[in-house]
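Structure data (PDB, C-alpha atoms and all ligand atoms) from protein_3.pdb:
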ATOM      1  CA  MET A   1       4.172  28.083 -10.386
ATOM      2  CA  LYS A   2       5.637  25.945 -13.107
ATOM      3  CA  GLU A   3       2.795  24.384 -15.060
ATOM      4  CA  ILE A   4       2.743  21.072 -16.892
ATOM      5  CA  PRO A   5       2.381  21.911 -20.561
ATOM      6  CA  SER A   6      -0.612  20.353 -22.277
ATOM      7  CA  HIS A   7       1.082  17.328 -23.815
ATOM      8  CA  GLY A   8      -2.209  15.735 -24.897
ATOM      9  CA  THR A   9      -1.287  12.155 -23.955
ATOM     10  CA  PRO A  10      -4.554  10.180 -24.300
ATOM     11  CA  LEU A  11      -5.925   8.891 -21.007
ATOM     12  CA  LEU A  12      -9.012   6.716 -21.248
ATOM     13  CA  ILE A  13     -10.717   6.104 -17.912
ATOM     14  CA  LEU A  14     -13.211   3.258 -17.871
ATOM     15  CA  TYR A  15     -15.590   2.298 -15.101
ATOM     16  CA  GLY A  16     -17.690  -0.623 -13.986
ATOM     17  CA  SER A  17     -20.293   0.832 -11.677
ATOM     18  CA  ASN A  18     -23.867   0.170 -10.568
ATOM     19  CA  LEU A  19     -24.288   2.813  -7.884
ATOM     20  CA  GLY A  20     -21.907   5.538  -9.029
ATOM     21  CA  THR A  21     -18.832   5.210  -6.801
ATOM     22  CA  ALA A  22     -16.483   3.891  -9.488
ATOM     23  CA  GLU A  23     -17.967   6.219 -12.084
ATOM     24  CA  GLY A  24     -17.448   9.199  -9.776
ATOM     25  CA  ILE A  25     -13.812   8.262  -9.216
ATOM     26  CA  ALA A  26     -13.327   7.884 -12.975
ATOM     27  CA  GLU A  27     -14.715  11.383 -13.597
ATOM     28  CA  GLU A  28     -12.554  12.754 -10.813
ATOM     29  CA  LEU A  29      -9.432  11.150 -12.342
ATOM     30  CA  ALA A  30     -10.360  12.586 -15.728
ATOM     31  CA  ASP A  31     -10.582  16.106 -14.288
ATOM     32  CA  ILE A  32      -7.244  15.763 -12.544
ATOM     33  CA  GLY A  33      -5.728  14.250 -15.706
ATOM     34  CA  ARG A  34      -6.881  17.234 -17.736
ATOM     35  CA  SER A  35      -5.259  19.585 -15.252
ATOM     36  CA  LYS A  36      -2.043  17.591 -15.780
ATOM     37  CA  GLY A  37      -2.182  18.056 -19.539
ATOM     38  CA  PHE A  38      -3.672  14.689 -20.542
ATOM     39  CA  SER A  39      -6.391  14.378 -23.128
ATOM     40  CA  THR A  40      -8.967  12.442 -21.094
ATOM     41  CA  GLU A  41     -12.100  10.488 -21.892
ATOM     42  CA  THR A  42     -14.350   8.371 -19.699
ATOM     43  CA  GLY A  43     -16.829   5.610 -20.446
ATOM     44  CA  PRO A  44     -18.332   2.359 -19.180
ATOM     45  CA  LEU A  45     -16.141  -0.726 -19.591
ATOM     46  CA  ASP A  46     -18.646  -2.431 -21.873
ATOM     47  CA  ASP A  47     -18.269   0.304 -24.497
ATOM     48  CA  TYR A  48     -14.602  -0.620 -24.856
ATOM     49  CA  ALA A  49     -14.712  -4.420 -25.015
ATOM     50  CA  GLY A  50     -12.434  -5.244 -27.955
ATOM     51  CA  LYS A  51     -11.414  -1.602 -28.265
ATOM     52  CA  LEU A  52      -8.650  -0.919 -25.767
ATOM     53  CA  PRO A  53      -6.377   1.716 -27.306
ATOM     54  CA  VAL A  54      -2.612   1.282 -27.587
ATOM     55  CA  LYS A  55      -2.075   5.018 -27.657
ATOM     56  CA  GLY A  56      -1.720   6.645 -24.248
ATOM     57  CA  ALA A  57      -3.026   4.841 -21.170
ATOM     58  CA  VAL A  58      -6.173   3.165 -19.891
ATOM     59  CA  VAL A  59      -7.353   3.341 -16.300
ATOM     60  CA  ILE A  60     -10.021   0.949 -15.077
ATOM     61  CA  VAL A  61     -12.069   1.714 -11.969
ATOM     62  CA  THR A  62     -14.544  -0.996 -11.113
ATOM     63  CA  ALA A  63     -16.664  -2.552  -8.390
ATOM     64  CA  SER A  64     -17.806  -6.183  -7.904
ATOM     65  CA  TYR A  65     -21.282  -7.427  -7.036
ATOM     66  CA  ASN A  66     -21.316 -10.826  -5.305
ATOM     67  CA  GLY A  67     -18.162 -11.558  -7.241
ATOM     68  CA  ALA A  68     -19.743 -10.617 -10.568
ATOM     69  CA  PRO A  69     -19.100  -7.529 -12.688
ATOM     70  CA  PRO A  70     -21.296  -4.434 -12.419
ATOM     71  CA  ASP A  71     -24.014  -4.239 -15.076
ATOM     72  CA  ASN A  72     -21.964  -2.041 -17.417
ATOM     73  CA  ALA A  73     -18.832  -4.224 -17.197
ATOM     74  CA  ALA A  74     -20.153  -7.747 -17.827
ATOM     75  CA  GLY A  75     -19.466  -7.608 -21.575
ATOM     76  CA  PHE A  76     -15.933  -6.366 -20.998
ATOM     77  CA  VAL A  77     -15.156  -9.192 -18.569
ATOM     78  CA  LYS A  78     -16.609 -11.743 -21.008
ATOM     79  CA  TRP A  79     -14.436 -10.313 -23.770
ATOM     80  CA  THR A  80     -11.282 -10.701 -21.636
ATOM     81  CA  GLU A  81     -12.036 -14.437 -21.471
ATOM     82  CA  THR A  82     -11.688 -14.682 -25.252
ATOM     83  CA  LEU A  83      -8.334 -12.888 -25.547
ATOM     84  CA  GLU A  84      -5.408 -14.561 -27.265
ATOM     85  CA  ASP A  85      -1.897 -14.513 -25.902
ATOM     86  CA  GLN A  86      -0.251 -11.094 -26.359
ATOM     87  CA  GLU A  87      -3.442  -9.666 -27.889
ATOM     88  CA  LEU A  88      -3.156  -6.623 -25.632
ATOM     89  CA  LYS A  89       0.476  -5.882 -26.463
ATOM     90  CA  GLY A  90       0.946  -2.114 -26.569
ATOM     91  CA  VAL A  91      -1.851  -1.333 -24.096
ATOM     92  CA  SER A  92      -0.731   0.476 -20.915
ATOM     93  CA  TYR A  93      -3.112   0.275 -17.992
ATOM     94  CA  ALA A  94      -3.805   0.724 -14.289
ATOM     95  CA  VAL A  95      -6.668  -0.595 -12.143
ATOM     96  CA  PHE A  96      -8.395   0.754  -9.048
ATOM     97  CA  GLY A  97     -10.967  -1.473  -7.351
ATOM     98  CA  CYS A  98     -13.975  -0.362  -5.318
ATOM     99  CA  GLY A  99     -14.963  -3.068  -2.862
ATOM    100  CA  ASP A 100     -16.185  -4.019   0.561
ATOM    101  CA  ARG A 101     -14.623  -6.630   2.851
ATOM    102  CA  ASN A 102     -18.071  -7.597   4.112
ATOM    103  CA  TRP A 103     -18.155  -9.632   0.907
ATOM    104  CA  ALA A 104     -15.112 -11.528   2.154
ATOM    105  CA  ALA A 105     -15.082 -14.425  -0.307
ATOM    106  CA  THR A 106     -15.321 -12.194  -3.360
ATOM    107  CA  TYR A 107     -13.595  -9.042  -2.107
ATOM    108  CA  GLN A 108     -12.254  -7.056  -5.114
ATOM    109  CA  ARG A 109     -12.843 -10.046  -7.360
ATOM    110  CA  ILE A 110     -13.523  -8.131 -10.568
ATOM    111  CA  PRO A 111     -10.771  -5.477 -10.352
ATOM    112  CA  ARG A 112      -8.227  -8.176  -9.434
ATOM    113  CA  LEU A 113      -9.412 -10.371 -12.294
ATOM    114  CA  ILE A 114      -9.114  -7.548 -14.827
ATOM    115  CA  ASP A 115      -5.718  -6.455 -13.506
ATOM    116  CA  LYS A 116      -4.411 -10.004 -13.849
ATOM    117  CA  VAL A 117      -5.852 -10.887 -17.234
ATOM    118  CA  LEU A 118      -4.747  -7.670 -18.921
ATOM    119  CA  GLU A 119      -1.152  -8.319 -17.927
ATOM    120  CA  GLU A 120      -1.391 -11.999 -18.899
ATOM    121  CA  LYS A 121      -2.570 -10.977 -22.365
ATOM    122  CA  GLY A 122       0.372  -8.665 -22.958
ATOM    123  CA  ALA A 123      -0.707  -5.265 -21.622
ATOM    124  CA  LYS A 124       1.724  -3.227 -19.533
ATOM    125  CA  ARG A 125       0.726  -2.488 -15.939
ATOM    126  CA  LEU A 126       1.689   1.121 -15.137
ATOM    127  CA  THR A 127       1.244   0.840 -11.387
ATOM    128  CA  SER A 128       0.102  -1.746  -8.822
ATOM    129  CA  ILE A 129      -3.623  -2.226  -8.387
ATOM    130  CA  GLY A 130      -5.283   0.047  -5.829
ATOM    131  CA  GLU A 131      -8.103  -1.182  -3.611
ATOM    132  CA  GLY A 132     -10.659   0.910  -1.768
ATOM    133  CA  ASP A 133     -12.594  -0.876   0.980
ATOM    134  CA  ASN A 134     -15.940   0.593   2.009
ATOM    135  CA  ALA A 135     -15.618  -1.170   5.364
ATOM    136  CA  ASP A 136     -12.374   0.698   6.068
ATOM    137  CA  ASP A 137     -10.670   3.944   5.015
ATOM    138  CA  PHE A 138     -11.649   3.908   1.375
ATOM    139  CA  GLU A 139     -10.560   7.438   0.698
ATOM    140  CA  TYR A 140      -7.110   7.017   2.200
ATOM    141  CA  SER A 141      -6.452   4.014  -0.060
ATOM    142  CA  GLN A 142      -7.803   5.945  -3.033
ATOM    143  CA  GLU A 143      -5.572   8.935  -2.413
ATOM    144  CA  ALA A 144      -2.496   6.799  -1.793
ATOM    145  CA  TRP A 145      -3.115   4.913  -5.028
ATOM    146  CA  GLU A 146      -3.715   8.107  -6.984
ATOM    147  CA  ASP A 147      -0.415   9.536  -5.755
ATOM    148  CA  SER A 148       1.460   6.461  -7.018
ATOM    149  CA  PHE A 149      -0.555   6.314 -10.208
ATOM    150  CA  TRP A 150       0.176   9.898 -11.273
ATOM    151  CA  LYS A 151       3.839   9.504 -10.402
ATOM    152  CA  ASP A 152       4.148   6.274 -12.386
ATOM    153  CA  ILE A 153       2.210   7.415 -15.447
ATOM    154  CA  MET A 154       4.200  10.661 -15.686
ATOM    155  CA  LYS A 155       7.395   8.638 -15.521
ATOM    156  CA  ALA A 156       6.225   6.069 -18.071
ATOM    157  CA  PHE A 157       5.267   8.777 -20.563
ATOM    158  CA  HIS A 158       8.247  11.030 -19.762
ATOM    159  CA  ILE A 159       6.041  13.904 -18.695
ATOM    160  CA  GLU A 160       7.647  16.504 -16.525
ATOM    161  CA  ALA A 161       5.862  17.020 -13.204
ATOM    162  CA  ALA A 162       5.362  20.400 -11.596
ATOM    163  CA  PRO A 163       7.569  21.089  -8.569
ATOM    164  CA  LYS A 164       6.195  19.208  -5.548
ATOM    165  CA  GLN A 165       5.799  22.159  -3.212
ATOM    166  CA  ALA A 166       4.027  24.331  -5.738
ATOM    167  CA  ASN A 167       1.685  21.501  -6.633
ATOM    168  CA  LYS A 168       0.626  20.679  -3.081
ATOM    169  CA  SER A 169       0.129  24.213  -1.900
ATOM    170  CA  GLN A 170      -2.348  24.782  -4.705
ATOM    171  CA  LEU A 171      -4.747  22.030  -3.646
ATOM    172  CA  SER A 172      -7.735  22.765  -1.479
ATOM    173  CA  ILE A 173     -11.077  21.247  -0.571
ATOM    174  CA  GLU A 174     -14.172  23.346  -0.584
ATOM    175  CA  TYR A 175     -17.429  22.396   1.133
ATOM    176  CA  VAL A 176     -20.247  22.721  -1.372
ATOM    177  CA  SER A 177     -23.425  21.400   0.242
ATOM    178  CA  GLU A 178     -24.824  18.983   2.786
ATOM    179  CA  ALA A 179     -25.460  15.384   1.821
ATOM    180  CA  ALA A 180     -27.189  12.504   3.551
ATOM    181  CA  GLU A 181     -24.352   9.965   3.412
ATOM    182  CA  THR A 182     -22.366   9.483   6.626
ATOM    183  CA  ARG A 183     -19.592   6.989   7.339
ATOM    184  CA  LEU A 184     -17.318   7.086  10.325
ATOM    185  CA  PRO A 185     -13.769   5.965   9.647
ATOM    186  CA  LYS A 186     -12.063   3.314  11.740
ATOM    187  CA  ARG A 187      -8.557   4.663  11.343
ATOM    188  CA  THR A 188      -7.782   8.346  11.055
ATOM    189  CA  LYS A 189      -4.188   8.830  12.174
ATOM    190  CA  HIS A 190      -2.573   8.818   8.743
ATOM    191  CA  LEU A 191      -5.472  10.803   7.285
ATOM    192  CA  ARG A 192      -4.981  13.541   9.813
ATOM    193  CA  ARG A 193      -1.329  13.688   8.853
ATOM    194  CA  LYS A 194      -2.154  13.720   5.173
ATOM    195  CA  SER A 195      -4.842  16.367   5.525
ATOM    196  CA  SER A 196      -2.644  18.770   7.409
ATOM    197  CA  GLN A 197       0.208  18.314   4.957
ATOM    198  CA  THR A 198      -1.522  18.514   1.677
ATOM    199  CA  LYS A 199      -4.929  20.113   1.943
ATOM    200  CA  SER A 200      -6.597  23.017   3.569
ATOM    201  CA  PHE A 201     -10.274  22.793   4.419
ATOM    202  CA  ILE A 202     -12.459  25.748   3.718
ATOM    203  CA  PRO A 203     -15.739  25.500   5.634
ATOM    204  CA  LYS A 204     -19.176  26.287   4.228
ATOM    205  CA  ALA A 205     -19.610  29.846   2.966
ATOM    206  CA  ALA A 206     -15.934  30.170   2.147
ATOM    207  CA  SER A 207     -15.138  32.084  -0.954
ATOM    208  CA  VAL A 208     -14.484  30.083  -4.084
ATOM    209  CA  GLN A 209     -10.795  29.626  -4.804
ATOM    210  CA  SER A 210      -9.479  30.962  -8.038
ATOM    211  CA  GLY A 211      -8.474  28.086 -10.222
ATOM    212  CA  ILE A 212      -9.878  25.205 -12.116
ATOM    213  CA  LEU A 213     -12.366  22.708 -10.813
ATOM    214  CA  SER A 214     -10.657  19.370 -10.556
ATOM    215  CA  CYS A 215     -13.202  17.103  -8.926
ATOM    216  CA  VAL A 216     -16.378  16.754  -6.926
ATOM    217  CA  SER A 217     -16.730  14.171  -4.180
ATOM    218  CA  ARG A 218     -19.601  13.111  -1.961
ATOM    219  CA  ARG A 219     -17.427  11.029   0.335
ATOM    220  CA  PRO A 220     -17.277  12.310   3.913
ATOM    221  CA  LYS A 221     -14.023  14.156   4.596
ATOM    222  CA  ARG A 222     -11.961  13.764   7.722
ATOM    223  CA  ILE A 223     -10.798  17.089   8.978
ATOM    224  CA  GLY A 224      -8.777  16.782  12.159
ATOM    225  CA  LYS A 225     -10.791  14.491  14.424
ATOM    226  CA  GLU A 226     -14.106  15.128  12.710
ATOM    227  CA  THR A 227     -15.786  13.457   9.790
ATOM    228  CA  ILE A 228     -17.850  15.905   7.816
ATOM    229  CA  SER A 229     -20.567  14.747   5.455
ATOM    230  CA  GLY A 230     -21.368  16.758   2.415
ATOM    231  CA  CYS A 231     -20.383  17.515  -1.079
ATOM    232  CA  PHE A 232     -16.830  18.693  -1.601
ATOM    233  CA  ARG A 233     -14.972  20.237  -4.448
ATOM    234  CA  LYS A 234     -11.224  19.889  -4.888
ATOM    235  CA  THR A 235      -9.623  22.783  -6.707
ATOM    236  CA  ALA A 236      -6.196  23.280  -8.174
ATOM    237  CA  GLY A 237      -5.167  26.891  -8.396
ATOM    238  CA  ASN A 238      -2.792  28.526 -10.811
TER     239      ASN A 238
HETATM  240  C1  LIG B   1     -25.298  -6.372  -3.315
HETATM  241  C2  LIG B   1     -23.868  -5.991  -3.192
HETATM  242  C3  LIG B   1     -22.881  -6.939  -3.468
HETATM  243  C4  LIG B   1     -21.521  -6.607  -3.351
HETATM  244  N1  LIG B   1     -20.560  -7.553  -3.614
HETATM  245  C5  LIG B   1     -19.250  -7.240  -3.483
HETATM  246  C6  LIG B   1     -18.243  -8.210  -3.740
HETATM  247  O1  LIG B   1     -18.501  -9.348  -4.132
HETATM  248  N2  LIG B   1     -16.953  -7.852  -3.567
HETATM  249  C7  LIG B   1     -16.592  -6.608  -3.150
HETATM  250  O2  LIG B   1     -15.397  -6.355  -2.989
HETATM  251  N3  LIG B   1     -17.524  -5.657  -2.913
HETATM  252  C8  LIG B   1     -18.838  -5.936  -3.074
HETATM  253  N4  LIG B   1     -19.799  -4.983  -2.870
HETATM  254  C9  LIG B   1     -19.377  -3.612  -2.555
HETATM  255  C10 LIG B   1     -19.372  -2.727  -3.811
HETATM  256  O3  LIG B   1     -18.570  -3.279  -4.816
HETATM  257  C11 LIG B   1     -18.814  -1.360  -3.399
HETATM  258  O4  LIG B   1     -19.768  -0.748  -2.543
HETATM  259  C12 LIG B   1     -18.539  -0.434  -4.545
HETATM  260  O5  LIG B   1     -17.949   0.738  -4.054
HETATM  261  C13 LIG B   1     -19.781  -0.082  -5.350
HETATM  262  O6  LIG B   1     -19.375   0.637  -6.481
HETATM  263  P1  LIG B   1     -20.425   1.377  -7.425
HETATM  264  O7  LIG B   1     -21.101   2.424  -6.567
HETATM  265  O8  LIG B   1     -19.554   2.030  -8.464
HETATM  266  O9  LIG B   1     -21.357   0.396  -7.986
HETATM  267  C14 LIG B   1     -21.152  -5.292  -2.968
HETATM  268  C15 LIG B   1     -22.151  -4.347  -2.701
HETATM  269  C16 LIG B   1     -23.481  -4.688  -2.816
HETATM  270  C17 LIG B   1     -24.518  -3.639  -2.503
END
Produce structure tokens that represent the structure in this file.
Ligand SMILES: Cc1cc2nc3c(=O)[nH]c(=O)nc-3n(C[C@H](O)[C@H](O)[C@H](O)COP(=O)(O)O)c2cc1C
Amino acid sequence: MKEIPSHGTPLLILYGSNLGTAEGIAEELADIGRSKGFSTETGPLDDYAGKLPVKGAVVIVTASYNGAPPDNAAGFVKWTETLEDQELKGVSYAVFGCGDRNWAATYQRIPRLIDKVLEEKGAKRLTSIGEGDNADDFEYSQEAWEDSFWKDIMKAFHIEAAPKQANKSQLSIEYVSEAAETRLPKRTKHLRRKSSQTKSFIPKAASVQSGILSCVSRRPKRIGKETISGCFRKTAGN
């Protein structure tokens, strides 16, 4: 398989998270980014208020709480209110929002706000905002956004991607352990298609794939018609 050489493009992945969903996605993106040759770092949004780098790219993964920022993102959001015109010129960014339509009036308020203000203040949006909805197929939206995000960032930074076929055949999901969380999806048609095309599921007790660990997820996985709760590990072989 043709590998992506380690180009070392900086990729800073920031999260606004109270309960760990956005933080988990940020860590997952960092692992995948590393496997794609990026030099990745993660941190809470508040640690980077006034410090968004112009080198490389910034990804922001954040939730909203009753329309307000998570505890570790309030300072960042406040800082964006003080920005001058074009103050973020040179910053390249992408946003993924974690939300829930049950909070209809303030659905995705914080990710949408950040996505808008960063562009207004001169930053360059690398890809359209992604939105995961806990009341719907969160994971499908997340995966669809990630596909676009990696494609767009590679293009923006002129990084050569590995051949499609080789890339996909190397991905697998491994069941690691049981977990209490259960959520039944409303729609599964497209997920079934996606699962069969891009991932193979290895049930409990399967041998560990050779290859690097790319991410750990506690979201239930849809395999065929079933939703399986547990802890999963995505691996990318070599
Ligand atoms: C008390 C409470 C308030 C919430 N308010 C909103 C909201 O205003 N808008 C929204 O889209 N989601 C809202 N959510 C959903 C969370 O943003 C969503 O579950 C998110 O995935 C949590 O991310 P975290 O685990 O990283 O904190 C709320 C959830 C809770 C528990």
Which residues are near ligand LIG 1 (chain B) - at most 7 Å, using all atoms listed in the file? Format: as JSON, numbers by chain.
{"A": [16, 17, 18, 19, 20, 21, 22, 23, 62, 63, 64, 65, 66, 67, 68, 70, 98, 99, 100, 101, 103, 106, 107, 108, 109, 134]}
Pick from A:Ala57, A:Ile129, A:Leu11, A:Leu52 nearest to A:Lys36, counting only C-alpha atoms
A:Leu11
Nearest candidate to A:Ile32 (options A:Ile13, A:Val77, A:Val58, A:Ala105; using all atoms listed in the file):
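Of A:Ile13, A:Val77, A:Val58, A:Ala105, the one nearest A:Ile32 is A:Ile13, counting all atoms listed in the file.
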If we count all atoms listed in the file and set the cut-off at 12 Å, which residues sit around A:Leu14, ignoring sequence neighbours fewer than 3 positions away in its own chain? Please answer as a count of residues only.
41
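Minimum distance to A:Arg112 across A:Ala74, A:Ser128, A:Arg34, A:Met154 (counting only C-alpha atoms) occurs at A:Ser128.
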Rounded to one decimal, what separation in Å do you get between atom CA of A:Lys155 and atom CA of A:Leu126?
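Distance between the two atoms: 9.4 Å.
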Atomic distance atom CA of A:Phe157 - atom CA of A:Thr9, expressed in Å with one decimal
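Atom CA of A:Phe157 sits 8.1 Å away from atom CA of A:Thr9.
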On this file, the PyMOL selection byres (((chain A and resi 132) around 6) and not hetatm) gives some set of residues; write that set as an NGL selection string.
:A and (98-99 or 131 or 133 or 138 or 141-142)
What is the atom CA of A:Glu120 to atom CA of A:Glu87 distance in Å?
9.5 Å
Using all atoms listed in the file, which of A:Lys121, A:Lys116, A:Lys55, A:Lys151 sits nearest A:Gln86?
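Using all atoms listed in the file, A:Gln86 sits closest to A:Lys121.
Minimum atom-to-atom distance to A:Lys78, evaluated using all atoms listed in the file, belongs to A:Gly50 out of A:Gly50, A:Gly90, A:Gly122, A:Gly56.
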Step by step: start from the point (-2.3, -5.8, -20.3) in the file's coordinates, keep every protein, DNA or RNA residue that has an atom no farther than 7 Å from it, count all atoms listed in the file, and write the set as JSON, numbers by chain.
{"A": [88, 89, 91, 92, 93, 117, 118, 119, 120, 121, 122, 123, 124, 125]}
